[in-house]
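So this block is coords.pdb, PDB, C-alpha atoms:
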```pdb
ATOM      1  CA  MET K  19       0.708  11.299  11.649
ATOM      2  CA  GLN K  20       2.453  14.428  10.395
ATOM      3  CA  ALA K  21       2.375  16.581   7.280
ATOM      4  CA  GLY K  22       4.934  15.762   4.618
ATOM      5  CA  ILE K  23       3.868  12.202   3.724
ATOM      6  CA  LYS K  24       4.048  11.758  -0.042
ATOM      7  CA  GLY K  25       2.344   9.273  -2.316
ATOM      8  CA  ARG K  26       2.488   8.213  -5.958
ATOM      9  CA  ARG K  27       0.279   5.854  -7.944
ATOM     10  CA  GLU K  28       0.501   5.071 -11.649
ATOM     11  CA  GLN K  29      -1.765   3.328 -14.149
ATOM     12  CA  THR K  30      -2.421   3.046 -17.873
ATOM     13  CA  VAL K  31      -5.692   4.474 -19.179
ATOM     14  CA  THR K  32      -7.951   1.732 -20.527
ATOM     15  CA  ALA K  33     -11.154   2.040 -22.564
ATOM     16  CA  GLU K  34     -13.085   1.181 -19.375
ATOM     17  CA  MET K  35     -11.697   4.374 -17.789
ATOM     18  CA  SER K  36     -12.883   6.626 -20.616
ATOM     19  CA  ALA K  37     -15.556   9.285 -20.306
ATOM     20  CA  ALA K  38     -17.546   7.597 -23.073
ATOM     21  CA  ARG K  39     -17.513   4.241 -21.275
ATOM     22  CA  ILE K  40     -18.455   5.429 -17.775
ATOM     23  CA  GLY K  41     -21.009   7.986 -18.957
ATOM     24  CA  SER K  42     -19.341  11.219 -17.908
ATOM     25  CA  GLY K  43     -18.810  12.349 -21.502
ATOM     26  CA  LEU K  44     -18.906  11.213 -25.103
ATOM     27  CA  VAL K  45     -15.224  10.886 -25.978
ATOM     28  CA  GLU K  46     -12.618   8.168 -25.458
ATOM     29  CA  VAL K  47     -10.364  10.048 -23.003
ATOM     30  CA  PHE K  48      -9.471   9.556 -19.320
ATOM     31  CA  ALA K  49     -12.660  10.420 -17.435
ATOM     32  CA  THR K  50     -12.640  13.030 -14.694
ATOM     33  CA  PRO K  51     -14.266  10.600 -12.207
ATOM     34  CA  MET K  52     -11.444   8.150 -12.926
ATOM     35  CA  MET K  53      -8.859  10.869 -12.260
ATOM     36  CA  VAL K  54     -10.611  11.575  -8.954
ATOM     37  CA  ALA K  55     -10.504   7.843  -8.114
ATOM     38  CA  LEU K  56      -6.765   7.809  -8.864
ATOM     39  CA  ILE K  57      -6.301  10.802  -6.551
ATOM     40  CA  GLU K  58      -8.266   9.139  -3.737
ATOM     41  CA  GLN K  59      -6.362   5.859  -4.116
ATOM     42  CA  THR K  60      -3.018   7.672  -4.055
ATOM     43  CA  CYS K  61      -3.845   9.606  -0.885
ATOM     44  CA  LEU K  62      -5.324   6.553   0.858
ATOM     45  CA  GLU K  63      -2.313   4.359   0.091
ATOM     46  CA  SER K  64       0.146   7.050   1.188
ATOM     47  CA  VAL K  65      -1.143   7.147   4.773
ATOM     48  CA  MET K  66      -2.098   3.486   5.282
ATOM     49  CA  PRO K  67       1.276   2.580   6.870
ATOM     50  CA  TYR K  68       0.745   5.322   9.496
ATOM     51  CA  LEU K  69      -2.709   4.235  10.656
ATOM     52  CA  GLU K  70      -3.328   2.192  13.779
ATOM     53  CA  GLU K  71      -4.794  -1.308  13.623
ATOM     54  CA  GLY K  72      -8.505  -1.125  12.756
ATOM     55  CA  GLN K  73      -8.313   2.366  11.297
ATOM     56  CA  GLY K  74      -8.985   3.504   7.761
ATOM     57  CA  THR K  75      -9.705   6.750   5.969
ATOM     58  CA  VAL K  76     -12.667   7.999   3.980
ATOM     59  CA  GLY K  77     -12.710  10.731   1.369
ATOM     60  CA  THR K  78     -14.840  13.735   2.306
ATOM     61  CA  LEU K  79     -13.864  16.511  -0.108
ATOM     62  CA  VAL K  80     -12.302  16.728  -3.557
ATOM     63  CA  ASN K  81     -11.493  20.073  -5.144
ATOM     64  CA  VAL K  82      -9.586  19.492  -8.368
ATOM     65  CA  SER K  83      -9.401  20.880 -11.868
ATOM     66  CA  HIS K  84      -9.030  18.573 -14.874
ATOM     67  CA  VAL K  85      -6.968  20.715 -17.243
ATOM     68  CA  SER K  86      -5.872  18.370 -20.034
ATOM     69  CA  ALA K  87      -7.323  15.314 -21.773
ATOM     70  CA  THR K  88      -5.467  11.983 -21.861
ATOM     71  CA  PRO K  89      -6.045   9.374 -24.585
ATOM     72  CA  VAL K  90      -6.704   5.705 -23.932
ATOM     73  CA  GLY K  91      -3.421   3.785 -23.753
ATOM     74  CA  MET K  92      -1.360   6.570 -22.166
ATOM     75  CA  ARG K  93       0.222   6.291 -18.720
ATOM     76  CA  VAL K  94      -1.138   8.552 -15.946
ATOM     77  CA  TRP K  95      -0.020   9.052 -12.369
ATOM     78  CA  CYS K  96      -0.886  11.038  -9.284
ATOM     79  CA  GLU K  97       1.457  12.583  -6.755
ATOM     80  CA  SER K  98       0.127  13.564  -3.349
ATOM     81  CA  GLU K  99       1.485  15.332  -0.312
ATOM     82  CA  LEU K 100      -0.164  15.461   3.088
ATOM     83  CA  VAL K 101      -0.102  19.188   3.888
ATOM     84  CA  GLU K 102      -2.326  19.438   6.965
ATOM     85  CA  VAL K 103      -3.262  17.183   9.865
ATOM     86  CA  ASP K 104      -6.032  18.431  12.166
ATOM     87  CA  ARG K 105      -6.843  15.600  14.602
ATOM     88  CA  ARG K 106      -8.579  13.086  12.291
ATOM     89  CA  ARG K 107      -8.791  15.426   9.265
ATOM     90  CA  LEU K 108      -6.119  14.991   6.584
ATOM     91  CA  VAL K 109      -5.629  17.495   3.748
ATOM     92  CA  PHE K 110      -3.604  16.581   0.662
ATOM     93  CA  LYS K 111      -2.189  18.643  -2.178
ATOM     94  CA  VAL K 112      -2.547  16.565  -5.358
ATOM     95  CA  LYS K 113      -1.321  16.696  -8.943
ATOM     96  CA  ALA K 114      -2.102  14.294 -11.772
ATOM     97  CA  TYR K 115       0.040  13.852 -14.875
ATOM     98  CA  ASP K 116       0.160  11.987 -18.147
ATOM     99  CA  GLU K 117       3.176  11.423 -20.365
ATOM    100  CA  CYS K 118       2.787  14.951 -21.791
ATOM    101  CA  GLY K 119       2.460  16.875 -18.513
ATOM    102  CA  LEU K 120       0.004  18.112 -15.906
ATOM    103  CA  ILE K 121      -3.610  16.969 -16.355
ATOM    104  CA  GLY K 122      -5.129  17.914 -12.995
ATOM    105  CA  GLU K 123      -4.437  19.485  -9.622
ATOM    106  CA  GLY K 124      -6.078  20.561  -6.409
ATOM    107  CA  THR K 125      -6.755  19.319  -2.902
ATOM    108  CA  HIS K 126      -8.325  16.250  -1.334
ATOM    109  CA  GLU K 127      -9.538  15.781   2.231
ATOM    110  CA  ARG K 128      -9.882  12.505   4.096
ATOM    111  CA  PHE K 129     -10.895  11.616   7.659
ATOM    112  CA  ILE K 130      -9.378   8.884   9.799
ATOM    113  CA  ILE K 131     -12.062   6.464  10.963
ATOM    114  CA  ASP K 132     -12.376   3.477  13.230
ATOM    115  CA  ASN K 133     -13.526   0.897  10.672
ATOM    116  CA  ALA K 134     -15.771  -1.078  13.043
ATOM    117  CA  LYS K 135     -17.524   1.997  14.467
ATOM    118  CA  PHE K 136     -17.961   3.429  10.969
ATOM    119  CA  MET K 137     -19.542   0.233   9.658
ATOM    120  CA  GLU K 138     -21.812   0.022  12.718
ATOM    121  CA  LYS K 139     -23.171   3.495  11.925
ATOM    122  CA  ILE K 140     -23.748   2.461   8.315
ATOM    123  CA  LYS K 141     -25.487  -0.722   9.441
ATOM    124  CA  ASN K 142     -27.874   1.377  11.537
ATOM    125  CA  LYS K 143     -28.915   3.271   8.389
ATOM    126  CA  SER K 144     -30.234   0.074   6.803
TER
END
```
Mind turning this structure into structure tokens?
Amino acid sequence: MQAGIKGRREQTVTAEMSAARIGSGLVEVFATPMMVALIEQTCLESVMPYLEEGQGTVGTLVNVSHVSATPVGMRVWCESELVEVDRRRLVFKVKAYDECGLIGEGTHERFIIDNAKFMEKIKNKS
């Protein structure tokens, strides 16, 4: 896998995605945790075609600012670019937008895992 892979994911903000509904705030706007989920989904989907059979990725670091509120019913999307590959560590530059402009930006880090080995470690925690 090499730097330069780009991703894009789009969705419409629903009431279930609002800060008031998920408990991260009191107003009916796109919640920051939902923006982070959109960022993670975008980055994950962008590299899936480049992974070997049995591999996946897990998010390990999110460093983003949420700079503008988005009302329920508006379209939002995330654009990602893989900017660094260090063995199994993947670093993405991310930007999130709504129909009026930039709503968030920053970086996201994921690690490539062997799904079976990862789940075995988790099983041992039980």
Got a sec: who's within 8 Å of Gly72 in chain K, counting all atoms listed in the file, leaving out chain neighbours fewer than 2 positions off, as JSON, numbers by chain? {"K": [70, 74, 132, 133, 134]}
On this file, the PyMOL selection byres ((chain K and resi 50) around 9) gives some set of residues; write that set as a ChimeraX atom specification. /K:36-37,42,48-49,51-55,83-84
Suppose you want the space between CA of His126 in chain K and CA of Tyr68 in chain K; what is it in Å? 17.9 Å
List the neighbours of Cys118 in chain K out to 12 Å using only C-alpha atoms; skip same-chain residues closer than 3 positions along the sequence, and give me the result as a list in words.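 What passes the distance filter is Ser86, Ala87, Thr88, Pro89, Met92, Arg93, Val94, Trp95, Ala114, Tyr115 and Ile121 of chain K.
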Name every residue that the PyMOL selection byres ((chain K and resi 128) around 10) selects in this structure, writing the answer as a PyMOL selection string with chains first and numbers rising. chain K and resi 58+61-62+74-80+103+106-110+126-127+129-131
What would range 63-89 of chain K look like with N, CA and C atoms in place, written as a CSV table (one decimal), in the coordinates of the input?
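Okay, part_28.csv is ready:
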```
chain,number,residue,atom,x,y,z
K,63,GLU,N,-3.5,5.2,0.0
K,63,GLU,CA,-2.3,4.4,0.1
K,63,GLU,C,-1.1,5.0,0.8
K,64,SER,N,-1.0,6.4,0.6
K,64,SER,CA,0.1,7.0,1.2
K,64,SER,C,0.1,7.1,2.7
K,65,VAL,N,-1.1,7.1,3.3
K,65,VAL,CA,-1.1,7.1,4.8
K,65,VAL,C,-1.4,5.8,5.4
K,66,MET,N,-1.8,4.8,4.7
K,66,MET,CA,-2.1,3.5,5.3
K,66,MET,C,-1.0,3.0,6.3
K,67,PRO,N,0.3,3.1,5.9
K,67,PRO,CA,1.3,2.6,6.9
K,67,PRO,C,1.3,3.3,8.2
K,68,TYR,N,0.7,4.5,8.3
K,68,TYR,CA,0.7,5.3,9.5
K,68,TYR,C,-0.5,5.2,10.4
K,69,LEU,N,-1.5,4.4,9.9
K,69,LEU,CA,-2.7,4.2,10.7
K,69,LEU,C,-2.6,3.1,11.7
K,70,GLU,N,-3.3,3.2,12.8
K,70,GLU,CA,-3.3,2.2,13.8
K,70,GLU,C,-4.2,1.0,13.3
K,71,GLU,N,-4.0,-0.1,13.9
K,71,GLU,CA,-4.8,-1.3,13.6
K,71,GLU,C,-6.3,-1.0,13.7
K,72,GLY,N,-7.1,-1.4,12.7
K,72,GLY,CA,-8.5,-1.1,12.8
K,72,GLY,C,-8.9,0.2,12.2
K,73,GLN,N,-8.0,1.1,11.8
K,73,GLN,CA,-8.3,2.4,11.3
K,73,GLN,C,-8.3,2.3,9.8
K,74,GLY,N,-9.0,3.3,9.2
K,74,GLY,CA,-9.0,3.5,7.8
K,74,GLY,C,-9.2,5.0,7.5
K,75,THR,N,-9.4,5.4,6.3
K,75,THR,CA,-9.7,6.8,6.0
K,75,THR,C,-10.8,6.8,4.9
K,76,VAL,N,-11.6,7.8,5.0
K,76,VAL,CA,-12.7,8.0,4.0
K,76,VAL,C,-12.5,9.4,3.4
K,77,GLY,N,-12.8,9.5,2.1
K,77,GLY,CA,-12.7,10.7,1.4
K,77,GLY,C,-13.9,11.6,1.7
K,78,THR,N,-13.7,12.9,2.0
K,78,THR,CA,-14.8,13.7,2.3
K,78,THR,C,-14.9,15.0,1.4
K,79,LEU,N,-13.9,15.3,0.7
K,79,LEU,CA,-13.9,16.5,-0.1
K,79,LEU,C,-12.8,16.4,-1.2
K,80,VAL,N,-13.2,16.7,-2.4
K,80,VAL,CA,-12.3,16.7,-3.6
K,80,VAL,C,-12.5,18.0,-4.3
K,81,ASN,N,-11.4,18.8,-4.4
K,81,ASN,CA,-11.5,20.1,-5.1
K,81,ASN,C,-10.3,20.1,-6.1
K,82,VAL,N,-10.6,19.6,-7.4
K,82,VAL,CA,-9.6,19.5,-8.4
K,82,VAL,C,-10.1,20.0,-9.7
K,83,SER,N,-9.1,20.5,-10.5
K,83,SER,CA,-9.4,20.9,-11.9
K,83,SER,C,-8.8,19.8,-12.8
K,84,HIS,N,-9.5,19.5,-13.9
K,84,HIS,CA,-9.0,18.6,-14.9
K,84,HIS,C,-8.7,19.4,-16.1
K,85,VAL,N,-7.4,19.7,-16.3
K,85,VAL,CA,-7.0,20.7,-17.2
K,85,VAL,C,-6.5,20.2,-18.6
K,86,SER,N,-6.4,18.9,-18.8
K,86,SER,CA,-5.9,18.4,-20.0
K,86,SER,C,-6.4,16.9,-20.2
K,87,ALA,N,-6.8,16.6,-21.5
K,87,ALA,CA,-7.3,15.3,-21.8
K,87,ALA,C,-6.2,14.3,-22.0
K,88,THR,N,-6.4,13.1,-21.7
K,88,THR,CA,-5.5,12.0,-21.9
K,88,THR,C,-6.1,10.9,-22.7
K,89,PRO,N,-5.5,10.4,-23.8
K,89,PRO,CA,-6.0,9.4,-24.6
K,89,PRO,C,-5.9,8.0,-23.9
```
